[in-house]
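Q: Here it is: the structure, laid out below.
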Amino acid sequence: MMNCEQLVDKFDDLMDGSLDAADMKALSTHTEGCERCQQMVSRETALRNLLQEYGDSNVPTPTATYFDEALVTAARTGRKQQQNRSWLKGFGSALAAGLAIWFFSGAFVQAPVGPGTDSGIPVITMAVEEARTVNLVFSSAVALDNATLTVNLPQGIEIAGFAGQQEITWQTSLSVGKNLLPLQLIATMPTDATLLATLKHGEDDRTFRLRVDVS
Amino acid sequence: MDPKDHQPLDGFDQLLRPHMERLYRLAWRLCGNKSEAEDLFQDVLTKIYVRLDDLADISEPATWLCRVMYNHFVDDRRKYSRQRMVIVSEAALPEQSVESLAGSDSPSDNAERADRLLRLGDALAQLSDEHHEVIQFHDIEGYKLKEIQEITGDPVGTVKSRLHRARARLREILANDGTFF
């Protein structure tokens, strides 16, 4: 025969219905004859019911279109992330291969990388809606691991496949010598502004500037 | 909306749709407010989209999805800084007022029940994060111990003893304010 103390010990299991049949029967028998334990079970039952009611009450119901829109947004953002990965992976391979991908065409500008060097500001001219590949070449005197490259685009300029993104950042490594970054720029509206490509390694950073004149 | 928003969702919709409501509820439980819950929900849907191939191979996607959300929440807890729901207010329940929650009882019963819900919300807000979380999972959302283990990564025994302590603490708080016990 169980007593009140044993019931307290097994109270959660009793209320969760996880006791074996023998314990369940013994506790039920005890409870039938114990007003104190009956009250305890009754209060706990009320609390469990209230918790469930609370759970049903305080989560708002999203609007009918919310889930649809959330799925579309997730797919759109997810695709963009996949494109980023694919593009960055390609660039990483290009860097690893050094000059092996020296197939570029279009504008060609060069960004010296090394202590005490400064880049000039080359200019390219584009027409609205024109797409043009600009090859940035980073010449490095030493190999750089875990460098961070950030491209900041001015309003009116986009990179193909990254509509609406004004800043793209990734981790990369540079080999000794020339490292190529081909960017396919698209002019979306007239502008005369500067594109920034910043390479950061440890505490050092170098910024490459390209003035883009879209008329 | 951009025309490319209407591109086929590549089975994403079909795989996710049955679990959306549960995931949304979990986001709400973890964050405690609509704005952060919807950010978390959206971030996790995007994360899942990128891992769609994984989802197609999962035998129990419901639990897997919850685990992805829980891990994302834990990893990014600073971003989803928790703002506990302290009370259940009528203003927060535009489609399901406290009155309607009270069902068909008399007005005085309704008022008493609504008051208990308010006090319960207040008591839950006083629990520690881990106690609050385990009560939310088990006693409010009805997750089984095994499911909580799979979502949080904590052993069943740990979850069970945490739940036991959380309930004891909750009873103590409710007893002190005269709601129960």
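Naming scheme: A, B, ... for chains in displayed order of the structure tokens; residues 1 onward per chain; ligands 1 onward as shown.
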Only residues of chain B matter here; which ones have an atom within 6 Å of chain A, counting only C-alpha atoms? Give them as a ChimeraX atom specification.
A: /B:45-46,49-50,140
Q: Write out the residues from the selection above, keeping N, CA and C atoms, as a short mmCIF file (atom, residue, chain, number, x, y, z; two decimals), in the first residue's frame.
A:
data_model
loop_
_atom_site.label_atom_id
_atom_site.label_comp_id
_atom_site.auth_asym_id
_atom_site.auth_seq_id
_atom_site.Cartn_x
_atom_site.Cartn_y
_atom_site.Cartn_z
N LEU B 45 13.39 28.83 -42.36
CA LEU B 45 12.86 28.35 -43.64
C LEU B 45 13.93 28.50 -44.73
N THR B 46 14.63 29.63 -44.71
CA THR B 46 15.68 29.84 -45.71
C THR B 46 16.80 28.82 -45.55
N TYR B 49 15.66 25.62 -46.92
CA TYR B 49 15.62 25.60 -48.38
C TYR B 49 16.98 25.20 -48.95
N VAL B 50 18.03 25.77 -48.36
CA VAL B 50 19.38 25.47 -48.83
C VAL B 50 19.72 23.99 -48.59
N ILE B 140 3.10 22.59 -22.37
CA ILE B 140 2.28 23.51 -23.16
C ILE B 140 2.12 23.02 -24.59
#
Q: Leaving out Thr63 (chain B) and any residue of its chain fewer than 3 positions from it, which residues lie within 8 Å of it when counting only C-alpha atoms, given as a VMD selection string?
A: chain B and resid 60 66 to 67 147 150 to 151
Q: Let me see the file: selected residues, N, CA and C atoms, as a PDB file, in the first residue's frame.
A:
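Output contents, as saved in result_15.pdb:
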ATOM      1  N   GLU B  60      11.922  11.370 -40.085  1.00  0.00           N
ATOM      2  CA  GLU B  60      10.999  12.089 -39.211  1.00  0.00           C
ATOM      3  C   GLU B  60      11.245  13.594 -39.344  1.00  0.00           C
ATOM      4  N   CYS B  66      12.306  20.874 -36.172  1.00  0.00           N
ATOM      5  CA  CYS B  66      12.316  21.543 -34.862  1.00  0.00           C
ATOM      6  C   CYS B  66      13.744  21.650 -34.337  1.00  0.00           C
ATOM      7  N   ARG B  67      14.540  20.624 -34.580  1.00  0.00           N
ATOM      8  CA  ARG B  67      15.929  20.656 -34.105  1.00  0.00           C
ATOM      9  C   ARG B  67      16.725  21.748 -34.839  1.00  0.00           C
ATOM     10  N   GLU B 147      11.149  13.411 -27.828  1.00  0.00           N
ATOM     11  CA  GLU B 147      11.213  14.465 -28.848  1.00  0.00           C
ATOM     12  C   GLU B 147      12.067  15.631 -28.350  1.00  0.00           C
ATOM     13  N   GLU B 150      15.575  14.783 -28.740  1.00  0.00           N
ATOM     14  CA  GLU B 150      16.038  14.868 -30.123  1.00  0.00           C
ATOM     15  C   GLU B 150      16.204  16.319 -30.580  1.00  0.00           C
ATOM     16  N   ILE B 151      15.388  17.199 -30.030  1.00  0.00           N
ATOM     17  CA  ILE B 151      15.465  18.604 -30.445  1.00  0.00           C
ATOM     18  C   ILE B 151      16.610  19.323 -29.741  1.00  0.00           C
TER      19      ILE B 151
END
Q: If you run DSSP on the backbone, which residues of region 144-180 of chain A are strand (DSSP E or B), as JSON, numbers by chain?
A: {"A": [144, 145, 146, 147, 148, 149, 150, 151, 152, 157, 158, 159, 167, 168, 169, 170, 171, 172, 173, 174, 177, 178, 179, 180]}
Q: What's the 12 Å shell around Leu55 (chain B), counting only C-alpha atoms, without same-chain residues fewer than 4 positions away, as a ChimeraX atom specification?
A: /B:11-16,19,45,47-51,59-65,68
Q: Rounded to one decimal, what separation in Å do you get between CA of Leu183 (chain A) and CA of Asn135 (chain A)?
A: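 CA of Leu183 (chain A) sits 6.1 Å away from CA of Asn135 (chain A).
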Q: Considering only C-alpha atoms, return as an MDAnalysis selection string whatever protein or nucleic-acid residues lie within 12 Å of Thr125 (chain A), sequence-local ones (same chain, fewer than 5 positions apart) excluded.
A: chainID A and resid 106:107 130:134 157 185:187 190:194 210:215
Q: Store the residues picked out above, limited to all heavy atoms, as a short mmCIF file (atom, residue, chain, number, x, y, z; two decimals), in the first residue's frame.
A:
data_model
loop_
_atom_site.label_atom_id
_atom_site.label_comp_id
_atom_site.auth_asym_id
_atom_site.auth_seq_id
_atom_site.Cartn_x
_atom_site.Cartn_y
_atom_site.Cartn_z
N GLY A 106 37.11 42.49 -71.90
CA GLY A 106 36.48 43.68 -71.35
C GLY A 106 37.48 44.52 -70.60
O GLY A 106 38.69 44.42 -70.80
N ALA A 107 36.96 45.33 -69.70
CA ALA A 107 37.83 46.26 -68.97
C ALA A 107 38.84 45.49 -68.12
O ALA A 107 38.55 44.43 -67.61
CB ALA A 107 36.99 47.16 -68.09
N GLU A 130 23.62 48.34 -69.72
CA GLU A 130 24.74 47.62 -70.31
C GLU A 130 25.38 46.70 -69.27
O GLU A 130 25.47 47.04 -68.09
CB GLU A 130 25.82 48.61 -70.79
CG GLU A 130 27.03 47.94 -71.42
CD GLU A 130 28.15 48.94 -71.73
OE1 GLU A 130 27.93 50.16 -71.58
OE2 GLU A 130 29.26 48.47 -72.11
N ALA A 131 25.77 45.51 -69.69
CA ALA A 131 26.51 44.60 -68.83
C ALA A 131 27.97 44.59 -69.29
O ALA A 131 28.25 44.56 -70.49
CB ALA A 131 25.93 43.20 -68.92
N ARG A 132 28.87 44.61 -68.33
CA ARG A 132 30.27 44.67 -68.73
C ARG A 132 31.12 43.94 -67.69
O ARG A 132 30.94 44.13 -66.49
CB ARG A 132 30.71 46.12 -68.82
CG ARG A 132 32.09 46.28 -69.37
CD ARG A 132 32.30 47.72 -69.78
NE ARG A 132 33.61 47.90 -70.35
CZ ARG A 132 34.10 49.07 -70.71
NH1 ARG A 132 33.39 50.16 -70.55
NH2 ARG A 132 35.31 49.15 -71.22
N THR A 133 32.02 43.12 -68.18
CA THR A 133 32.89 42.40 -67.25
C THR A 133 34.13 43.22 -66.93
O THR A 133 34.83 43.69 -67.83
CB THR A 133 33.32 41.05 -67.84
OG1 THR A 133 32.15 40.26 -68.04
CG2 THR A 133 34.23 40.30 -66.86
N VAL A 134 34.33 43.40 -65.67
CA VAL A 134 35.52 44.12 -65.19
C VAL A 134 36.38 43.12 -64.45
O VAL A 134 35.91 42.46 -63.53
CB VAL A 134 35.12 45.28 -64.25
CG1 VAL A 134 36.36 45.90 -63.64
CG2 VAL A 134 34.30 46.32 -65.00
N ILE A 157 24.58 50.34 -59.82
CA ILE A 157 25.46 49.29 -60.34
C ILE A 157 25.16 48.00 -59.60
O ILE A 157 25.06 47.97 -58.37
CB ILE A 157 26.96 49.64 -60.13
CG1 ILE A 157 27.31 50.96 -60.83
CG2 ILE A 157 27.85 48.50 -60.62
CD1 ILE A 157 27.23 50.90 -62.33
N LEU A 185 29.48 43.58 -64.26
CA LEU A 185 28.69 44.70 -63.76
C LEU A 185 27.52 44.98 -64.68
O LEU A 185 27.62 44.83 -65.90
CB LEU A 185 29.57 45.96 -63.66
CG LEU A 185 30.83 45.87 -62.79
CD1 LEU A 185 31.54 47.22 -62.78
CD2 LEU A 185 30.48 45.43 -61.38
N ILE A 186 26.42 45.39 -64.08
CA ILE A 186 25.26 45.81 -64.86
C ILE A 186 24.88 47.21 -64.38
O ILE A 186 24.71 47.43 -63.17
CB ILE A 186 24.08 44.85 -64.65
CG1 ILE A 186 24.45 43.44 -65.12
CG2 ILE A 186 22.83 45.35 -65.40
CD1 ILE A 186 23.43 42.38 -64.79
N ALA A 187 24.75 48.11 -65.33
CA ALA A 187 24.34 49.48 -64.98
C ALA A 187 22.82 49.54 -65.00
O ALA A 187 22.18 49.18 -65.98
CB ALA A 187 24.93 50.46 -65.97
N PRO A 190 21.61 55.92 -64.43
CA PRO A 190 22.76 56.82 -64.60
C PRO A 190 23.43 57.10 -63.25
O PRO A 190 22.76 57.29 -62.24
CB PRO A 190 22.12 58.10 -65.16
CG PRO A 190 20.85 57.66 -65.77
CD PRO A 190 20.36 56.52 -64.93
N THR A 191 24.72 57.09 -63.25
CA THR A 191 25.47 57.39 -62.02
C THR A 191 26.91 57.72 -62.37
O THR A 191 27.39 57.41 -63.46
CB THR A 191 25.42 56.20 -61.05
OG1 THR A 191 26.03 56.57 -59.82
CG2 THR A 191 26.18 54.98 -61.58
N ASP A 192 27.56 58.33 -61.46
CA ASP A 192 29.00 58.53 -61.57
C ASP A 192 29.54 58.32 -60.16
O ASP A 192 29.55 59.25 -59.35
CB ASP A 192 29.31 59.94 -62.10
CG ASP A 192 30.81 60.13 -62.34
OD1 ASP A 192 31.59 59.20 -62.03
OD2 ASP A 192 31.19 61.20 -62.83
N ALA A 193 29.89 57.12 -59.87
CA ALA A 193 30.22 56.79 -58.48
C ALA A 193 31.36 55.78 -58.46
O ALA A 193 31.83 55.32 -59.51
CB ALA A 193 29.00 56.23 -57.77
N THR A 194 31.76 55.42 -57.27
CA THR A 194 32.96 54.57 -57.11
C THR A 194 32.62 53.22 -56.51
O THR A 194 31.91 53.12 -55.51
CB THR A 194 33.98 55.28 -56.20
OG1 THR A 194 34.28 56.55 -56.76
CG2 THR A 194 35.25 54.47 -56.09
N LEU A 210 37.23 51.82 -58.21
CA LEU A 210 36.95 51.88 -59.63
C LEU A 210 35.79 52.87 -59.84
O LEU A 210 34.69 52.67 -59.30
CB LEU A 210 36.54 50.50 -60.16
CG LEU A 210 36.06 50.47 -61.61
CD1 LEU A 210 37.19 50.81 -62.56
CD2 LEU A 210 35.48 49.09 -61.95
N ARG A 211 36.07 53.91 -60.58
CA ARG A 211 34.99 54.87 -60.84
C ARG A 211 34.16 54.36 -62.01
O ARG A 211 34.71 53.94 -63.03
CB ARG A 211 35.59 56.24 -61.17
CG ARG A 211 34.56 57.36 -61.06
CD ARG A 211 35.21 58.72 -61.31
NE ARG A 211 34.43 59.45 -62.30
CZ ARG A 211 34.94 60.27 -63.20
NH1 ARG A 211 36.24 60.47 -63.28
NH2 ARG A 211 34.16 60.91 -64.05
N VAL A 212 32.86 54.34 -61.82
CA VAL A 212 31.97 53.85 -62.87
C VAL A 212 31.09 55.02 -63.31
O VAL A 212 30.34 55.59 -62.52
CB VAL A 212 31.08 52.69 -62.36
CG1 VAL A 212 30.26 52.12 -63.50
CG2 VAL A 212 31.94 51.61 -61.73
N ASP A 213 31.20 55.35 -64.57
CA ASP A 213 30.43 56.47 -65.12
C ASP A 213 29.36 55.89 -66.04
O ASP A 213 29.65 55.35 -67.10
CB ASP A 213 31.39 57.39 -65.90
CG ASP A 213 30.69 58.63 -66.45
OD1 ASP A 213 29.46 58.77 -66.21
OD2 ASP A 213 31.36 59.45 -67.10
N VAL A 214 28.12 55.99 -65.59
CA VAL A 214 27.00 55.46 -66.39
C VAL A 214 26.20 56.63 -66.91
O VAL A 214 25.68 57.45 -66.13
CB VAL A 214 26.08 54.55 -65.53
CG1 VAL A 214 24.95 54.00 -66.40
CG2 VAL A 214 26.88 53.43 -64.90
N SER A 215 26.10 56.73 -68.23
CA SER A 215 25.36 57.86 -68.80
C SER A 215 24.17 57.36 -69.62
O SER A 215 24.06 56.17 -69.90
CB SER A 215 26.29 58.70 -69.66
OG SER A 215 26.95 57.87 -70.59
#
Q: Please compute the CA of Glu38 (chain B)-CA of Tyr143 (chain B) distance, one decimal, in Å.
A: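 Pair CA of Glu38 (chain B) / CA of Tyr143 (chain B) returns 21.3 Å.
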Q: Could you pull the residues within 7 Å of region 196-207 of chain A, counting only C-alpha atoms, minus those fewer than 5 positions along the same chain, as an MDAnalysis selection string?
A: chainID A and resid 113 146:153
Q: Contacts of Leu40 (chain B) at 10 Å or less, counting only C-alpha atoms, minus same-chain residues fewer than 2 places along, as a ChimeraX atom specification?
A: /B:23-24,26-28,30-31,34-38,42-46,69-70,72-73,76,79-80
Q: Taking N, CA and C atoms for each residue, export the selection above as an mmCIF file, in the first residue's frame.
A:
data_model
loop_
_atom_site.group_PDB
_atom_site.id
_atom_site.type_symbol
_atom_site.label_atom_id
_atom_site.label_comp_id
_atom_site.auth_asym_id
_atom_site.auth_seq_id
_atom_site.Cartn_x
_atom_site.Cartn_y
_atom_site.Cartn_z
ATOM 1 N N LEU B 23 6.194 24.600 -36.670
ATOM 2 C CA LEU B 23 7.423 25.388 -36.631
ATOM 3 C C LEU B 23 7.155 26.825 -36.183
ATOM 4 N N TYR B 24 6.059 27.369 -36.670
ATOM 5 C CA TYR B 24 5.725 28.744 -36.291
ATOM 6 C C TYR B 24 5.474 28.826 -34.783
ATOM 7 N N LEU B 26 6.677 26.867 -32.529
ATOM 8 C CA LEU B 26 7.948 26.701 -31.824
ATOM 9 C C LEU B 26 8.730 28.015 -31.827
ATOM 10 N N ALA B 27 8.734 28.684 -32.967
ATOM 11 C CA ALA B 27 9.437 29.981 -33.053
ATOM 12 C C ALA B 27 8.856 30.946 -32.031
ATOM 13 N N TRP B 28 7.556 30.933 -31.944
ATOM 14 C CA TRP B 28 6.884 31.828 -30.985
ATOM 15 C C TRP B 28 7.251 31.456 -29.560
ATOM 16 N N LEU B 30 9.932 29.964 -28.508
ATOM 17 C CA LEU B 30 11.329 30.256 -28.205
ATOM 18 C C LEU B 30 11.570 31.755 -28.054
ATOM 19 N N CYS B 31 10.938 32.547 -28.896
ATOM 20 C CA CYS B 31 11.221 33.987 -28.893
ATOM 21 C C CYS B 31 10.296 34.761 -27.968
ATOM 22 N N LYS B 34 6.075 38.264 -31.455
ATOM 23 C CA LYS B 34 5.783 38.027 -32.869
ATOM 24 C C LYS B 34 6.934 38.419 -33.794
ATOM 25 N N SER B 35 7.483 39.601 -33.561
ATOM 26 C CA SER B 35 8.504 40.112 -34.463
ATOM 27 C C SER B 35 9.722 39.176 -34.541
ATOM 28 N N GLU B 36 10.247 38.802 -33.380
ATOM 29 C CA GLU B 36 11.436 37.938 -33.375
ATOM 30 C C GLU B 36 11.080 36.524 -33.812
ATOM 31 N N ALA B 37 9.876 36.073 -33.453
ATOM 32 C CA ALA B 37 9.447 34.734 -33.871
ATOM 33 C C ALA B 37 9.393 34.666 -35.391
ATOM 34 N N GLU B 38 8.895 35.718 -36.021
ATOM 35 C CA GLU B 38 8.788 35.683 -37.484
ATOM 36 C C GLU B 38 10.155 35.806 -38.147
ATOM 37 N N GLN B 42 11.466 32.813 -40.497
ATOM 38 C CA GLN B 42 11.915 33.079 -41.861
ATOM 39 C C GLN B 42 13.360 32.620 -42.073
ATOM 40 N N ASP B 43 14.220 32.928 -41.114
ATOM 41 C CA ASP B 43 15.628 32.512 -41.230
ATOM 42 C C ASP B 43 15.743 30.995 -41.346
ATOM 43 N N VAL B 44 14.941 30.300 -40.554
ATOM 44 C CA VAL B 44 15.033 28.836 -40.558
ATOM 45 C C VAL B 44 14.464 28.265 -41.851
ATOM 46 N N LEU B 45 13.390 28.829 -42.357
ATOM 47 C CA LEU B 45 12.864 28.349 -43.643
ATOM 48 C C LEU B 45 13.928 28.496 -44.730
ATOM 49 N N THR B 46 14.629 29.626 -44.713
ATOM 50 C CA THR B 46 15.682 29.844 -45.710
ATOM 51 C C THR B 46 16.802 28.819 -45.548
ATOM 52 N N MET B 69 15.502 24.439 -36.048
ATOM 53 C CA MET B 69 15.077 25.733 -35.501
ATOM 54 C C MET B 69 15.678 25.967 -34.115
ATOM 55 N N TYR B 70 15.640 24.954 -33.283
ATOM 56 C CA TYR B 70 16.166 25.108 -31.919
ATOM 57 C C TYR B 70 17.658 25.444 -31.961
ATOM 58 N N HIS B 72 19.351 26.767 -34.382
ATOM 59 C CA HIS B 72 19.529 28.106 -34.941
ATOM 60 C C HIS B 72 19.257 29.152 -33.860
ATOM 61 N N PHE B 73 18.218 28.897 -33.088
ATOM 62 C CA PHE B 73 17.861 29.834 -32.010
ATOM 63 C C PHE B 73 18.978 29.903 -30.970
ATOM 64 N N ASP B 76 22.039 31.627 -32.216
ATOM 65 C CA ASP B 76 21.844 33.049 -32.485
ATOM 66 C C ASP B 76 21.009 33.694 -31.391
ATOM 67 N N LYS B 79 20.676 37.427 -31.064
ATOM 68 C CA LYS B 79 19.799 38.099 -32.019
ATOM 69 C C LYS B 79 18.344 37.948 -31.589
ATOM 70 N N TYR B 80 17.993 36.719 -31.204
ATOM 71 C CA TYR B 80 16.618 36.486 -30.787
ATOM 72 C C TYR B 80 16.511 36.661 -29.282
#
Q: What does the distance from CA of Glu32 (chain A) to CA of His164 (chain B) come to in Å, to one decimal?
A: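 According to the coordinates, CA of Glu32 (chain A) and CA of His164 (chain B) are separated by 24.3 Å.
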